[in-house]
>>> print(open('my_file-v6.txt').read())   # compact mmCIF, C-alpha atoms
# COMPACT_ATOMS: atom_id res chain seq x y z
CA MET R 1 103.58 50.59 145.94
CA THR R 2 106.20 51.79 148.42
CA LEU R 3 105.83 55.35 149.68
CA ILE R 4 108.93 57.34 150.59
CA ALA R 5 109.04 60.26 153.04
CA ARG R 6 111.46 63.10 152.42
CA LEU R 7 112.77 64.40 155.75
CA ARG R 8 114.75 67.48 156.71
CA ILE R 9 116.57 66.95 160.01
CA LEU R 10 118.01 69.90 161.92
CA LEU R 11 120.08 69.74 165.10
CA ASN R 12 118.80 72.64 167.16
CA ASP R 13 120.78 75.11 169.31
CA VAL R 14 124.05 74.42 167.48
CA ASP R 15 126.07 76.80 165.29
CA PRO R 16 126.93 75.95 162.56
CA GLN R 17 123.66 74.03 162.45
CA PRO R 18 123.91 70.48 161.07
CA MET R 19 121.24 69.66 158.49
CA ARG R 20 120.44 66.35 156.81
CA HIS R 21 118.05 65.91 153.88
CA ILE R 22 117.15 62.23 153.65
CA GLU R 23 114.52 59.85 152.31
CA VAL R 24 113.16 56.82 154.15
CA PRO R 25 110.22 54.45 153.64
CA LEU R 26 107.07 56.00 155.08
CA LYS R 27 106.34 52.76 156.94
CA ILE R 28 109.75 52.64 158.63
CA ARG R 29 109.60 51.61 162.30
CA LEU R 30 110.74 54.30 164.70
CA ASP R 31 113.51 52.13 166.15
CA ARG R 32 114.92 51.87 162.63
CA LEU R 33 114.40 55.58 162.02
CA HIS R 34 116.51 56.09 165.15
CA GLU R 35 119.30 54.06 163.52
CA VAL R 36 118.98 56.11 160.33
CA ILE R 37 119.29 59.38 162.24
CA GLN R 38 122.30 58.06 164.14
CA ALA R 39 123.92 57.17 160.80
CA ALA R 40 122.93 60.48 159.20
CA MET R 41 124.21 62.67 162.01
CA GLY R 42 127.24 60.61 162.97
CA TRP R 43 126.24 59.80 166.55
CA THR R 44 127.55 56.58 168.12
CA ASP R 45 124.23 55.19 169.44
CA THR R 46 125.52 54.89 173.00
CA HIS R 47 122.71 56.77 174.79
CA LEU R 48 118.95 56.69 175.16
CA TYR R 49 116.64 58.48 172.73
CA GLU R 50 113.02 59.49 172.32
CA PHE R 51 110.77 60.63 169.49
CA ARG R 52 108.17 63.19 170.52
CA ALA R 53 105.02 64.30 168.70
CA GLY R 54 102.12 66.02 170.40
CA ASP R 55 101.80 64.59 173.90
CA ALA R 56 103.26 61.21 172.98
CA GLY R 57 106.77 59.79 173.07
CA TRP R 58 108.40 56.68 171.62
CA GLY R 59 111.75 55.21 172.58
CA MET R 60 113.18 52.51 174.84
CA PRO R 61 110.70 51.61 177.60
CA ASP R 62 112.04 50.86 181.07
CA PRO R 63 112.68 47.07 180.98
CA ASP R 64 111.88 46.80 184.69
CA GLY R 65 108.66 48.80 184.42
CA PHE R 66 109.55 51.07 187.35
CA TYR R 67 108.41 54.25 185.61
CA ASP R 68 106.06 55.35 182.85
CA GLY R 69 108.46 55.99 180.02
CA PRO R 70 107.95 56.30 176.27
CA MET R 71 106.01 53.81 174.21
CA PRO R 72 108.12 51.20 172.37
CA ALA R 73 109.67 52.69 169.24
CA LYS R 74 109.80 49.27 167.59
CA LYS R 75 106.00 49.03 167.73
CA ALA R 76 105.33 52.34 165.93
CA THR R 77 105.94 53.50 162.37
CA LEU R 78 106.55 56.95 160.95
CA GLN R 79 103.33 56.68 158.97
CA LYS R 80 101.30 55.77 162.05
CA VAL R 81 102.73 58.66 164.08
CA LEU R 82 101.87 61.14 161.32
CA GLU R 83 98.35 59.74 160.96
CA ASP R 84 97.67 59.67 164.72
CA THR R 85 99.13 63.09 165.59
CA GLY R 86 98.46 65.06 162.41
CA THR R 87 101.86 66.70 162.77
CA ARG R 88 104.45 67.35 160.07
CA THR R 89 107.30 67.92 162.53
CA ILE R 90 108.62 65.36 165.01
CA HIS R 91 111.24 65.98 167.67
CA TYR R 92 113.99 63.46 168.28
CA VAL R 93 116.02 63.82 171.47
CA TYR R 94 119.25 61.87 171.84
CA ASP R 95 121.33 61.52 175.02
CA PHE R 96 119.28 62.88 177.91
CA GLY R 97 122.49 64.18 179.51
CA ASP R 98 123.64 66.33 176.60
CA ASP R 99 120.04 66.65 175.39
CA TRP R 100 120.57 66.86 171.63
CA ASP R 101 117.25 68.07 170.19
CA HIS R 102 116.57 67.36 166.51
CA SER R 103 113.62 68.68 164.49
CA ILE R 104 112.42 66.28 161.80
CA ARG R 105 110.24 67.95 159.17
CA ILE R 106 108.30 65.70 156.80
CA GLU R 107 108.47 67.69 153.57
CA LYS R 108 106.74 65.40 151.09
CA VAL R 109 105.75 61.82 150.38
CA ASN R 110 106.42 60.27 146.97
CA GLU R 111 106.54 56.84 145.42
CA ALA R 112 109.85 55.00 145.63
CA VAL R 113 112.19 55.39 142.67
CA PRO R 114 112.86 52.01 141.00
CA GLY R 115 116.42 50.82 141.57
CA VAL R 116 117.08 53.25 144.44
CA THR R 117 117.87 51.91 147.91
CA TYR R 118 116.65 53.54 151.09
CA PRO R 119 117.57 55.22 153.39
CA ARG R 120 118.92 57.74 150.90
CA LEU R 121 120.99 60.86 151.55
CA LEU R 122 120.03 63.89 149.45
CA LYS R 123 122.08 66.63 151.11
CA ALA R 124 124.11 67.19 154.27
CA SER R 125 125.76 70.21 155.86
CA GLY R 126 127.48 70.85 159.17
CA ALA R 127 129.40 68.39 161.33
CA CYS R 128 127.88 66.34 164.12
CA PRO R 129 129.28 67.50 167.50
CA PRO R 130 131.57 65.04 169.27
CA GLU R 131 129.80 62.58 171.53
CA ASP R 132 129.69 63.59 175.22
CA VAL R 133 130.96 67.12 174.53
CA GLY R 134 128.47 68.56 177.02
CA GLY R 135 125.47 69.47 174.90
CA ALA R 136 125.12 72.71 172.94
CA PRO R 137 126.93 74.86 175.57
CA GLY R 138 129.81 72.40 175.80
CA TYR R 139 130.06 72.21 172.02
CA GLU R 140 130.30 76.01 171.79
CA GLU R 141 133.14 76.03 174.35
CA PHE R 142 134.82 73.17 172.49
CA LEU R 143 134.81 75.12 169.21
CA VAL R 144 136.19 78.23 170.91
CA ALA R 145 139.06 76.27 172.43
CA LEU R 146 139.73 74.43 169.18
CA ALA R 147 139.94 77.64 167.13
CA ASP R 148 142.31 79.47 169.50
CA PRO R 149 145.86 78.02 169.75
CA ASP R 150 146.42 80.20 172.82
CA HIS R 151 143.38 78.84 174.66
CA GLU R 152 144.36 76.93 177.80
CA GLN R 153 142.34 73.90 176.67
CA HIS R 154 143.32 74.03 172.99
CA GLU R 155 145.79 71.12 173.03
CA ASP R 156 143.50 69.00 175.19
CA MET R 157 140.57 69.54 172.80
CA VAL R 158 142.72 68.76 169.75
CA ARG R 159 143.80 65.46 171.31
CA TRP R 160 140.30 64.65 172.56
CA SER R 161 138.75 65.22 169.12
CA GLY R 162 141.30 63.04 167.36
CA GLY R 163 143.55 65.74 165.96
CA SER R 164 141.21 67.37 163.46
CA PHE R 165 137.64 68.57 163.55
CA ASP R 166 135.87 70.75 160.98
CA PRO R 167 132.46 72.02 162.15
CA GLU R 168 131.46 72.63 158.52
CA ASP R 169 132.24 69.12 157.27
CA ALA R 170 129.23 66.80 157.23
CA CYS R 171 131.35 63.82 156.06
CA SER R 172 128.74 62.93 153.42
CA ASP R 173 130.70 59.96 152.07
CA SER R 174 130.64 58.33 155.49
CA ILE R 175 126.89 58.90 155.76
CA VAL R 176 126.32 57.20 152.39
CA GLU R 177 128.42 54.22 153.51
CA ARG R 178 126.47 53.87 156.76
CA PHE R 179 123.17 54.14 154.86
CA ASP R 180 124.30 51.41 152.45
CA ARG R 181 125.05 49.10 155.39
CA LEU R 182 121.60 49.72 156.87
CA ALA R 183 119.91 49.10 153.50
CA LYS R 184 121.75 45.79 153.09
CA ARG R 185 120.95 44.71 156.64
CA TRP R 186 117.25 45.47 156.20
CA ALA R 187 116.87 44.12 152.67
CA PRO R 188 114.25 41.35 152.42
CA ARG R 189 115.87 37.94 152.34
CA PRO R 190 114.91 35.71 149.43
CA ALA R 191 112.47 33.00 150.36
CA LYS R 192 113.88 29.48 150.56
CA PRO R 193 112.56 27.23 147.79
CA LYS R 194 109.93 24.79 149.00
CA ALA R 195 110.61 21.11 148.64
CA PRO R 196 108.35 19.48 146.02
CA LYS R 197 105.41 17.51 147.35
CA GLY R 198 106.13 13.88 147.89
CA ALA R 199 109.85 14.45 148.27
CA PRO R 200 111.45 12.28 151.00
>>> encode(input="my_file-v6.txt", output="structure tokens")
Amino acid sequence: MTLIARLRILLNDVDPQPMRHIEVPLKIRLDRLHEVIQAAMGWTDTHLYEFRAGDAGWGMPDPDGFYDGPMPAKKATLQKVLEDTGTRTIHYVYDFGDDWDHSIRIEKVNEAVPGVTYPRLLKASGACPPEDVGGAPGYEEFLVALADPDHEQHEDMVRWSGGSFDPEDACSDSIVERFDRLAKRWAPRPAKPKAPKGAP
């Protein structure tokens, strides 16, 4: 029996606030949950991250061991974190420069639906801010400049954002495509048939 966790992910301090309703296996490793969140939000996975629950943190440990950083995300699962901390809400911080703070609420746990692949997108609203925009304050300034053709930085922001940016558009189709790629990459590979005994 495979258990599935239904998660509601909110990007805090941003207006309009991006929200993602998704489902993932309860036993998903946190390093893979990081990849799912990157795909769900639309981040580019070019910065460090950390999951935080209670007094503990999980992410990418310092490879040189010079400081006491988070515990390895690849050695923890969502189920284990919930069992050990007793929490129903986990914080996920991405890019310690821009400091994007996400709240992950575990809403319910159900059995997997036969024939459905996971991760699975249920609902999405709000666009992910552009990478390296300067955190929530920078994103607010970016939207102001983008909305005002007379703003001194309007043309620069239009070019920088690729010509069009809709803060209300979650780009759900793109999320589904990225989820499908993750599901295929993580799908169990069929076992190779064993050679019969006595075969040369």
>>> closest_residue(input="my_file-v6.txt", among="R:His151, R:Arg20, R:Lys194, R:Arg8", to="R:Val176", atoms="all atoms listed in the file")
R:Arg20
>>> residues_around(input="my_file-v6.txt", residues="stretch 129-137 of chain R", least_positions_apart="5", cutoff="9 Å", atoms="all atoms listed in the file", output="list of chain:residue names")
R:Asn12, R:Asp13, R:Val14, R:Asp15, R:Pro18, R:Met41, R:Gly42, R:Trp43, R:Thr44, R:Thr46, R:Asp95, R:Gly97, R:Asp98, R:Asp99, R:Trp100, R:Phe142, R:Ser161, R:Pro167
>>> atom_distance(input="my_file-v6.txt", atom1="atom CA of R:Ser172", atom2="atom CA of R:Glu155")
27.2 Å
>>> residues_around(input="my_file-v6.txt", residues="R:Cys171", least_positions_apart="4", cutoff="12 Å", atoms="only C-alpha atoms", output="ChimeraX atom specification")
/R:18-20,39-42,121,123-128,165-167,175-178
>>> residues_around(input="my_file-v6.txt", residues="R:Val158", least_positions_apart="4", cutoff="12 Å", atoms="all atoms listed in the file", output="PDB file with C-alpha atoms, in the coordinates of the input")
ATOM      1  CA  PRO R 130     131.570  65.040 169.270  1.00  0.00           C
ATOM      2  CA  PHE R 142     134.820  73.170 172.490  1.00  0.00           C
ATOM      3  CA  LEU R 143     134.810  75.120 169.210  1.00  0.00           C
ATOM      4  CA  VAL R 144     136.190  78.230 170.910  1.00  0.00           C
ATOM      5  CA  ALA R 145     139.060  76.270 172.430  1.00  0.00           C
ATOM      6  CA  LEU R 146     139.730  74.430 169.180  1.00  0.00           C
ATOM      7  CA  ALA R 147     139.940  77.640 167.130  1.00  0.00           C
ATOM      8  CA  ASP R 148     142.310  79.470 169.500  1.00  0.00           C
ATOM      9  CA  PRO R 149     145.860  78.020 169.750  1.00  0.00           C
ATOM     10  CA  HIS R 151     143.380  78.840 174.660  1.00  0.00           C
ATOM     11  CA  GLU R 152     144.360  76.930 177.800  1.00  0.00           C
ATOM     12  CA  GLN R 153     142.340  73.900 176.670  1.00  0.00           C
ATOM     13  CA  HIS R 154     143.320  74.030 172.990  1.00  0.00           C
ATOM     14  CA  GLY R 162     141.300  63.040 167.360  1.00  0.00           C
ATOM     15  CA  GLY R 163     143.550  65.740 165.960  1.00  0.00           C
ATOM     16  CA  SER R 164     141.210  67.370 163.460  1.00  0.00           C
ATOM     17  CA  PHE R 165     137.640  68.570 163.550  1.00  0.00           C
ATOM     18  CA  ASP R 166     135.870  70.750 160.980  1.00  0.00           C
TER      19      ASP R 166
END
>>> closest_residue(input="my_file-v6.txt", among="R:Pro61, R:Gly86, R:Gly138, R:Pro25", to="R:Val109", atoms="all atoms listed in the file")
R:Pro25
>>> build_atoms(input="my_file-v6.txt", residues="stretch 5-18 of chain R", atoms="N, CA and C atoms", output="PDB file, keeping the file's coordinate frame")
ATOM      1  N   ALA R   5     109.162  58.942 152.392  1.00  0.00           N
ATOM      2  CA  ALA R   5     109.040  60.260 153.040  1.00  0.00           C
ATOM      3  C   ALA R   5     110.365  61.005 152.921  1.00  0.00           C
ATOM      4  N   ARG R   6     110.284  62.242 152.476  1.00  0.00           N
ATOM      5  CA  ARG R   6     111.460  63.100 152.420  1.00  0.00           C
ATOM      6  C   ARG R   6     111.518  63.918 153.715  1.00  0.00           C
ATOM      7  N   LEU R   7     112.627  63.774 154.443  1.00  0.00           N
ATOM      8  CA  LEU R   7     112.770  64.400 155.750  1.00  0.00           C
ATOM      9  C   LEU R   7     113.901  65.426 155.740  1.00  0.00           C
ATOM     10  N   ARG R   8     113.672  66.528 156.443  1.00  0.00           N
ATOM     11  CA  ARG R   8     114.750  67.480 156.710  1.00  0.00           C
ATOM     12  C   ARG R   8     115.005  67.455 158.208  1.00  0.00           C
ATOM     13  N   ILE R   9     116.209  67.081 158.597  1.00  0.00           N
ATOM     14  CA  ILE R   9     116.570  66.950 160.010  1.00  0.00           C
ATOM     15  C   ILE R   9     117.520  68.071 160.384  1.00  0.00           C
ATOM     16  N   LEU R  10     117.169  68.825 161.415  1.00  0.00           N
ATOM     17  CA  LEU R  10     118.010  69.900 161.920  1.00  0.00           C
ATOM     18  C   LEU R  10     118.382  69.608 163.367  1.00  0.00           C
ATOM     19  N   LEU R  11     119.647  69.820 163.705  1.00  0.00           N
ATOM     20  CA  LEU R  11     120.080  69.740 165.100  1.00  0.00           C
ATOM     21  C   LEU R  11     119.984  71.132 165.686  1.00  0.00           C
ATOM     22  N   ASN R  12     119.097  71.311 166.629  1.00  0.00           N
ATOM     23  CA  ASN R  12     118.800  72.640 167.160  1.00  0.00           C
ATOM     24  C   ASN R  12     119.866  73.126 168.147  1.00  0.00           C
ATOM     25  N   ASP R  13     119.933  74.456 168.295  1.00  0.00           N
ATOM     26  CA  ASP R  13     120.780  75.110 169.310  1.00  0.00           C
ATOM     27  C   ASP R  13     122.265  74.954 169.043  1.00  0.00           C
ATOM     28  N   VAL R  14     122.641  74.629 167.814  1.00  0.00           N
ATOM     29  CA  VAL R  14     124.050  74.420 167.480  1.00  0.00           C
ATOM     30  C   VAL R  14     124.417  75.313 166.292  1.00  0.00           C
ATOM     31  N   ASP R  15     125.586  75.948 166.369  1.00  0.00           N
ATOM     32  CA  ASP R  15     126.070  76.800 165.290  1.00  0.00           C
ATOM     33  C   ASP R  15     127.523  76.447 164.969  1.00  0.00           C
ATOM     34  N   PRO R  16     127.831  76.072 163.706  1.00  0.00           N
ATOM     35  CA  PRO R  16     126.930  75.950 162.560  1.00  0.00           C
ATOM     36  C   PRO R  16     125.958  74.786 162.712  1.00  0.00           C
ATOM     37  N   GLN R  17     124.732  74.999 162.217  1.00  0.00           N
ATOM     38  CA  GLN R  17     123.660  74.030 162.450  1.00  0.00           C
ATOM     39  C   GLN R  17     123.735  72.864 161.469  1.00  0.00           C
ATOM     40  N   PRO R  18     123.922  71.650 161.958  1.00  0.00           N
ATOM     41  CA  PRO R  18     123.910  70.480 161.070  1.00  0.00           C
ATOM     42  C   PRO R  18     122.514  70.259 160.486  1.00  0.00           C
TER      43      PRO R  18
END
